[in-house]
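Right, one structure below, let's go through it.
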Amino acid sequence: MKNTLRDLRAGRGWSQGDLADALGVSRQSVNALETGKYDPSLPLAFRIARLFDRRIEDVFDDGFAAGTLAAE
Amino acid sequence: MPEITFKQANRRYRRMFWPVIGVYTAICFAGPLYLKTLAEPPQWLVAGVALASAAPLVLVFWLMSRLLRETDEYTRAMQTQAMLAGGGATLSFAGVWGFLELFEVVPHLWPFLLVPMFFFAYGAVYCARRLRAGSGAAR
């Protein structure tokens, strides 16, 4: 899943380690999230979004446009 | 924030893991040496030394299960996959060896040797997955 985590982190001038500490996860987790190799659980996605004061869909993009499923 | 962070979980694991391995090593060496000093050690004592040798291994598995519960979700996923692969490889080996042993093709293998075999397979798979995932530069 695409995400804006790297940009959001860079915007605050944080290293991956800083973000990992803020989230209580490993630096490898942050790296895997940023590179799209790992999709977070819903609780972690909420934690990330709240940390940057954003909505989940502002941070993560699942590739579906809003309303796509409703139209099907 | 989770109840316990990744760093705290790792610290808790390491704080217990190394002393347990130290006790295990000590018992493995001291147990047989002690039994050799006795002319005819009673069966209960031999059994006690055997169980004391195995106890730290059981404790390590409990520590691993606690680490899996407490660590972050990405590490948990990586560790679980590595444990499944390592466990599968070890049990496959045990199954193949067991049948070969049954038909007297290979010599007897002590089952407790499967424990270090599992840890070796699990560690190798985990390292390979970490390398493939890439550690990533701390930008």
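Identifiers in the structure tokens: chain A, B, ... in order shown; residue index from 1 per chain; ligand index from 1 in order shown.
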(message) Using only C-alpha atoms, which protein or nucleic acid residues come within 12 Å of Leu19 (chain A)? Drop anything in the same chain fewer than 4 positions from it, and give the result as a ChimeraX atom specification.
(response) /A:5-6,8-15,23-31,33-34,47-48,51-52 /B:138-139
Written file, previous selection with C-alpha atoms, as a PDB file, in the first residue's frame:
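Ended up saving to result27.pdb:
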```pdb
ATOM      1  CA  LEU A   5       4.958   8.282   5.802  1.00  0.00           C
ATOM      2  CA  ARG A   6       8.439   9.181   4.582  1.00  0.00           C
ATOM      3  CA  LEU A   8       5.474  13.231   6.831  1.00  0.00           C
ATOM      4  CA  ARG A   9       8.481  12.068   8.822  1.00  0.00           C
ATOM      5  CA  ALA A  10      10.875  14.222   6.792  1.00  0.00           C
ATOM      6  CA  GLY A  11       8.544  17.170   7.316  1.00  0.00           C
ATOM      7  CA  ARG A  12       9.184  16.927  11.022  1.00  0.00           C
ATOM      8  CA  GLY A  13      12.898  16.371  10.558  1.00  0.00           C
ATOM      9  CA  TRP A  14      12.721  12.956  12.200  1.00  0.00           C
ATOM     10  CA  SER A  15      14.915   9.958  11.505  1.00  0.00           C
ATOM     11  CA  LEU A  23       5.295   4.778  17.731  1.00  0.00           C
ATOM     12  CA  GLY A  24       6.888   2.237  20.083  1.00  0.00           C
ATOM     13  CA  VAL A  25       7.954  -0.015  17.199  1.00  0.00           C
ATOM     14  CA  SER A  26      11.280  -1.097  15.694  1.00  0.00           C
ATOM     15  CA  ARG A  27      13.152   0.991  13.121  1.00  0.00           C
ATOM     16  CA  GLN A  28      12.843  -1.965  10.759  1.00  0.00           C
ATOM     17  CA  SER A  29       9.063  -1.647  11.077  1.00  0.00           C
ATOM     18  CA  VAL A  30       9.201   1.994  10.030  1.00  0.00           C
ATOM     19  CA  ASN A  31      11.435   1.113   7.093  1.00  0.00           C
ATOM     20  CA  LEU A  33       6.111   0.625   6.256  1.00  0.00           C
ATOM     21  CA  GLU A  34       7.779   3.425   4.311  1.00  0.00           C
ATOM     22  CA  ARG A  47      -1.545   5.667  15.792  1.00  0.00           C
ATOM     23  CA  ILE A  48       0.481   6.851  12.799  1.00  0.00           C
ATOM     24  CA  LEU A  51       0.829  11.210  15.480  1.00  0.00           C
ATOM     25  CA  PHE A  52       0.885  13.369  12.347  1.00  0.00           C
TER      26      PHE A  52
ATOM     27  CA  ALA B 138      18.225   5.508   8.759  1.00  0.00           C
ATOM     28  CA  ARG B 139      17.369   8.608   6.825  1.00  0.00           C
TER      29      ARG B 139
END
```
Where in chain A does DSSP assign helix (DSSP H, G or I), given as a PDB file with N, CA and C atoms, in the first residue's frame?
```
ATOM      1  N   LEU A   5       4.266   8.295   4.505  1.00  0.00           N
ATOM      2  CA  LEU A   5       4.958   8.282   5.802  1.00  0.00           C
ATOM      3  C   LEU A   5       6.335   8.935   5.736  1.00  0.00           C
ATOM      4  N   ARG A   6       7.080   8.630   4.682  1.00  0.00           N
ATOM      5  CA  ARG A   6       8.439   9.181   4.582  1.00  0.00           C
ATOM      6  C   ARG A   6       8.393  10.717   4.501  1.00  0.00           C
ATOM      7  N   ASP A   7       7.451  11.232   3.705  1.00  0.00           N
ATOM      8  CA  ASP A   7       7.335  12.690   3.566  1.00  0.00           C
ATOM      9  C   ASP A   7       6.911  13.326   4.891  1.00  0.00           C
ATOM     10  N   LEU A   8       5.950  12.687   5.556  1.00  0.00           N
ATOM     11  CA  LEU A   8       5.474  13.231   6.831  1.00  0.00           C
ATOM     12  C   LEU A   8       6.599  13.245   7.867  1.00  0.00           C
ATOM     13  N   ARG A   9       7.354  12.162   7.874  1.00  0.00           N
ATOM     14  CA  ARG A   9       8.481  12.068   8.822  1.00  0.00           C
ATOM     15  C   ARG A   9       9.532  13.121   8.501  1.00  0.00           C
ATOM     16  N   ALA A  10       9.863  13.241   7.202  1.00  0.00           N
ATOM     17  CA  ALA A  10      10.875  14.222   6.792  1.00  0.00           C
ATOM     18  C   ALA A  10      10.412  15.637   7.123  1.00  0.00           C
ATOM     19  N   GLY A  11       9.108  15.851   7.004  1.00  0.00           N
ATOM     20  CA  GLY A  11       8.544  17.170   7.316  1.00  0.00           C
ATOM     21  C   GLY A  11       8.794  17.586   8.747  1.00  0.00           C
ATOM     22  N   GLN A  16      14.232   7.692  10.983  1.00  0.00           N
ATOM     23  CA  GLN A  16      13.363   6.518  11.135  1.00  0.00           C
ATOM     24  C   GLN A  16      13.340   6.057  12.591  1.00  0.00           C
ATOM     25  N   GLY A  17      14.493   6.198  13.250  1.00  0.00           N
ATOM     26  CA  GLY A  17      14.573   5.801  14.660  1.00  0.00           C
ATOM     27  C   GLY A  17      13.686   6.674  15.540  1.00  0.00           C
ATOM     28  N   ASP A  18      13.645   7.984  15.234  1.00  0.00           N
ATOM     29  CA  ASP A  18      12.792   8.896  16.013  1.00  0.00           C
ATOM     30  C   ASP A  18      11.322   8.496  15.877  1.00  0.00           C
ATOM     31  N   LEU A  19      10.928   8.223  14.629  1.00  0.00           N
ATOM     32  CA  LEU A  19       9.528   7.838  14.394  1.00  0.00           C
ATOM     33  C   LEU A  19       9.219   6.498  15.067  1.00  0.00           C
ATOM     34  N   ALA A  20      10.188   5.577  14.986  1.00  0.00           N
ATOM     35  CA  ALA A  20       9.995   4.265  15.623  1.00  0.00           C
ATOM     36  C   ALA A  20       9.791   4.433  17.130  1.00  0.00           C
ATOM     37  N   ASP A  21      10.591   5.302  17.737  1.00  0.00           N
ATOM     38  CA  ASP A  21      10.450   5.537  19.179  1.00  0.00           C
ATOM     39  C   ASP A  21       9.092   6.158  19.510  1.00  0.00           C
ATOM     40  N   ALA A  22       8.663   7.079  18.654  1.00  0.00           N
ATOM     41  CA  ALA A  22       7.380   7.744  18.902  1.00  0.00           C
ATOM     42  C   ALA A  22       6.215   6.763  18.790  1.00  0.00           C
ATOM     43  N   LEU A  23       6.371   5.765  17.926  1.00  0.00           N
ATOM     44  CA  LEU A  23       5.295   4.778  17.731  1.00  0.00           C
ATOM     45  C   LEU A  23       5.450   3.554  18.628  1.00  0.00           C
ATOM     46  N   ARG A  27      12.807   0.184  14.288  1.00  0.00           N
ATOM     47  CA  ARG A  27      13.152   0.991  13.121  1.00  0.00           C
ATOM     48  C   ARG A  27      12.908   0.199  11.842  1.00  0.00           C
ATOM     49  N   GLN A  28      13.107  -1.113  11.923  1.00  0.00           N
ATOM     50  CA  GLN A  28      12.843  -1.965  10.759  1.00  0.00           C
ATOM     51  C   GLN A  28      11.367  -1.904  10.375  1.00  0.00           C
ATOM     52  N   SER A  29      10.501  -1.761  11.368  1.00  0.00           N
ATOM     53  CA  SER A  29       9.063  -1.647  11.077  1.00  0.00           C
ATOM     54  C   SER A  29       8.789  -0.386  10.277  1.00  0.00           C
ATOM     55  N   VAL A  30       9.398   0.721  10.725  1.00  0.00           N
ATOM     56  CA  VAL A  30       9.201   1.994  10.030  1.00  0.00           C
ATOM     57  C   VAL A  30       9.706   1.888   8.594  1.00  0.00           C
ATOM     58  N   ASN A  31      10.870   1.284   8.431  1.00  0.00           N
ATOM     59  CA  ASN A  31      11.435   1.113   7.093  1.00  0.00           C
ATOM     60  C   ASN A  31      10.511   0.267   6.210  1.00  0.00           C
ATOM     61  N   ALA A  32       9.991  -0.825   6.772  1.00  0.00           N
ATOM     62  CA  ALA A  32       9.101  -1.703   5.997  1.00  0.00           C
ATOM     63  C   ALA A  32       7.809  -0.983   5.635  1.00  0.00           C
ATOM     64  N   LEU A  33       7.331  -0.148   6.544  1.00  0.00           N
ATOM     65  CA  LEU A  33       6.111   0.625   6.256  1.00  0.00           C
ATOM     66  C   LEU A  33       6.377   1.641   5.149  1.00  0.00           C
ATOM     67  N   GLU A  34       7.471   2.374   5.284  1.00  0.00           N
ATOM     68  CA  GLU A  34       7.779   3.425   4.311  1.00  0.00           C
ATOM     69  C   GLU A  34       8.000   2.878   2.904  1.00  0.00           C
ATOM     70  N   LEU A  42      -4.879  -1.948  11.666  1.00  0.00           N
ATOM     71  CA  LEU A  42      -5.697  -0.747  11.835  1.00  0.00           C
ATOM     72  C   LEU A  42      -5.277   0.069  13.067  1.00  0.00           C
ATOM     73  N   PRO A  43      -5.031  -0.581  14.230  1.00  0.00           N
ATOM     74  CA  PRO A  43      -4.588   0.213  15.389  1.00  0.00           C
ATOM     75  C   PRO A  43      -3.287   0.985  15.122  1.00  0.00           C
ATOM     76  N   LEU A  44      -2.326   0.352  14.429  1.00  0.00           N
ATOM     77  CA  LEU A  44      -1.069   1.056  14.151  1.00  0.00           C
ATOM     78  C   LEU A  44      -1.287   2.169  13.137  1.00  0.00           C
ATOM     79  N   ALA A  45      -2.145   1.925  12.157  1.00  0.00           N
ATOM     80  CA  ALA A  45      -2.453   2.969  11.169  1.00  0.00           C
ATOM     81  C   ALA A  45      -3.080   4.178  11.857  1.00  0.00           C
ATOM     82  N   PHE A  46      -3.971   3.931  12.814  1.00  0.00           N
ATOM     83  CA  PHE A  46      -4.582   5.033  13.571  1.00  0.00           C
ATOM     84  C   PHE A  46      -3.514   5.793  14.361  1.00  0.00           C
ATOM     85  N   ARG A  47      -2.604   5.032  14.987  1.00  0.00           N
ATOM     86  CA  ARG A  47      -1.545   5.667  15.792  1.00  0.00           C
ATOM     87  C   ARG A  47      -0.682   6.564  14.923  1.00  0.00           C
ATOM     88  N   ILE A  48      -0.355   6.070  13.722  1.00  0.00           N
ATOM     89  CA  ILE A  48       0.481   6.851  12.799  1.00  0.00           C
ATOM     90  C   ILE A  48      -0.260   8.110  12.381  1.00  0.00           C
ATOM     91  N   ALA A  49      -1.517   7.946  11.989  1.00  0.00           N
ATOM     92  CA  ALA A  49      -2.308   9.102  11.524  1.00  0.00           C
ATOM     93  C   ALA A  49      -2.445  10.149  12.624  1.00  0.00           C
ATOM     94  N   ARG A  50      -2.708   9.697  13.833  1.00  0.00           N
ATOM     95  CA  ARG A  50      -2.887  10.638  14.954  1.00  0.00           C
ATOM     96  C   ARG A  50      -1.579  11.330  15.304  1.00  0.00           C
ATOM     97  N   LEU A  51      -0.482  10.611  15.175  1.00  0.00           N
ATOM     98  CA  LEU A  51       0.829  11.210  15.480  1.00  0.00           C
ATOM     99  C   LEU A  51       1.089  12.403  14.565  1.00  0.00           C
ATOM    100  N   ILE A  56      -6.411   8.615   8.379  1.00  0.00           N
ATOM    101  CA  ILE A  56      -5.703   7.434   7.845  1.00  0.00           C
ATOM    102  C   ILE A  56      -5.573   7.521   6.323  1.00  0.00           C
ATOM    103  N   GLU A  57      -6.648   7.920   5.658  1.00  0.00           N
ATOM    104  CA  GLU A  57      -6.611   7.964   4.180  1.00  0.00           C
ATOM    105  C   GLU A  57      -5.707   9.074   3.651  1.00  0.00           C
ATOM    106  N   ASP A  58      -5.310  10.006   4.521  1.00  0.00           N
ATOM    107  CA  ASP A  58      -4.327  11.009   4.102  1.00  0.00           C
ATOM    108  C   ASP A  58      -2.909  10.439   4.138  1.00  0.00           C
ATOM    109  N   VAL A  59      -2.734   9.394   4.928  1.00  0.00           N
ATOM    110  CA  VAL A  59      -1.402   8.779   5.072  1.00  0.00           C
ATOM    111  C   VAL A  59      -1.271   7.561   4.158  1.00  0.00           C
ATOM    112  N   THR A  68     -15.730   3.998  -4.605  1.00  0.00           N
ATOM    113  CA  THR A  68     -15.569   2.936  -5.607  1.00  0.00           C
ATOM    114  C   THR A  68     -16.417   1.713  -5.267  1.00  0.00           C
ATOM    115  N   LEU A  69     -16.338   1.282  -4.011  1.00  0.00           N
ATOM    116  CA  LEU A  69     -17.056   0.078  -3.608  1.00  0.00           C
ATOM    117  C   LEU A  69     -18.561   0.305  -3.609  1.00  0.00           C
ATOM    118  N   ALA A  70     -18.996   1.515  -3.219  1.00  0.00           N
ATOM    119  CA  ALA A  70     -20.422   1.823  -3.176  1.00  0.00           C
ATOM    120  C   ALA A  70     -21.025   1.778  -4.571  1.00  0.00           C
ATOM    121  N   ALA A  71     -20.243   2.168  -5.597  1.00  0.00           N
ATOM    122  CA  ALA A  71     -20.749   2.218  -6.964  1.00  0.00           C
ATOM    123  C   ALA A  71     -20.884   0.818  -7.569  1.00  0.00           C
TER     124      ALA A  71
END
```
Spatial neighbours of Trp97 (chain B), max dist 12 Å, only C-alpha atoms, sep filter under 3 positions, as a CSV table (one decimal) with C-alpha atoms, in the first residue's frame:
```
chain,number,residue,atom,x,y,z
B,90,THR,CA,13.2,-29.3,11.7
B,91,LEU,CA,10.1,-31.5,11.9
B,92,SER,CA,10.5,-32.5,8.2
B,93,PHE,CA,14.1,-33.5,9.0
B,94,ALA,CA,12.9,-35.4,12.1
B,100,LEU,CA,15.3,-43.9,8.0
B,101,GLU,CA,16.2,-44.8,11.5
B,102,LEU,CA,13.2,-47.1,11.7
B,103,PHE,CA,14.5,-49.0,8.7
B,104,GLU,CA,18.0,-49.0,10.2
B,105,VAL,CA,19.5,-46.9,7.4
B,106,VAL,CA,20.9,-44.2,9.8
B,107,PRO,CA,22.0,-44.3,13.4
B,108,HIS,CA,19.8,-43.2,16.3
B,109,LEU,CA,19.5,-39.5,16.8
B,110,TRP,CA,18.8,-38.1,20.3
B,111,PRO,CA,15.6,-36.1,20.0
B,114,LEU,CA,16.2,-31.2,17.4
```
(request) Could you please determine the separation between CA of Leu59 (chain B) and CA of Gln43 (chain B) in Å, to one decimal place? (result) 24.2 Å
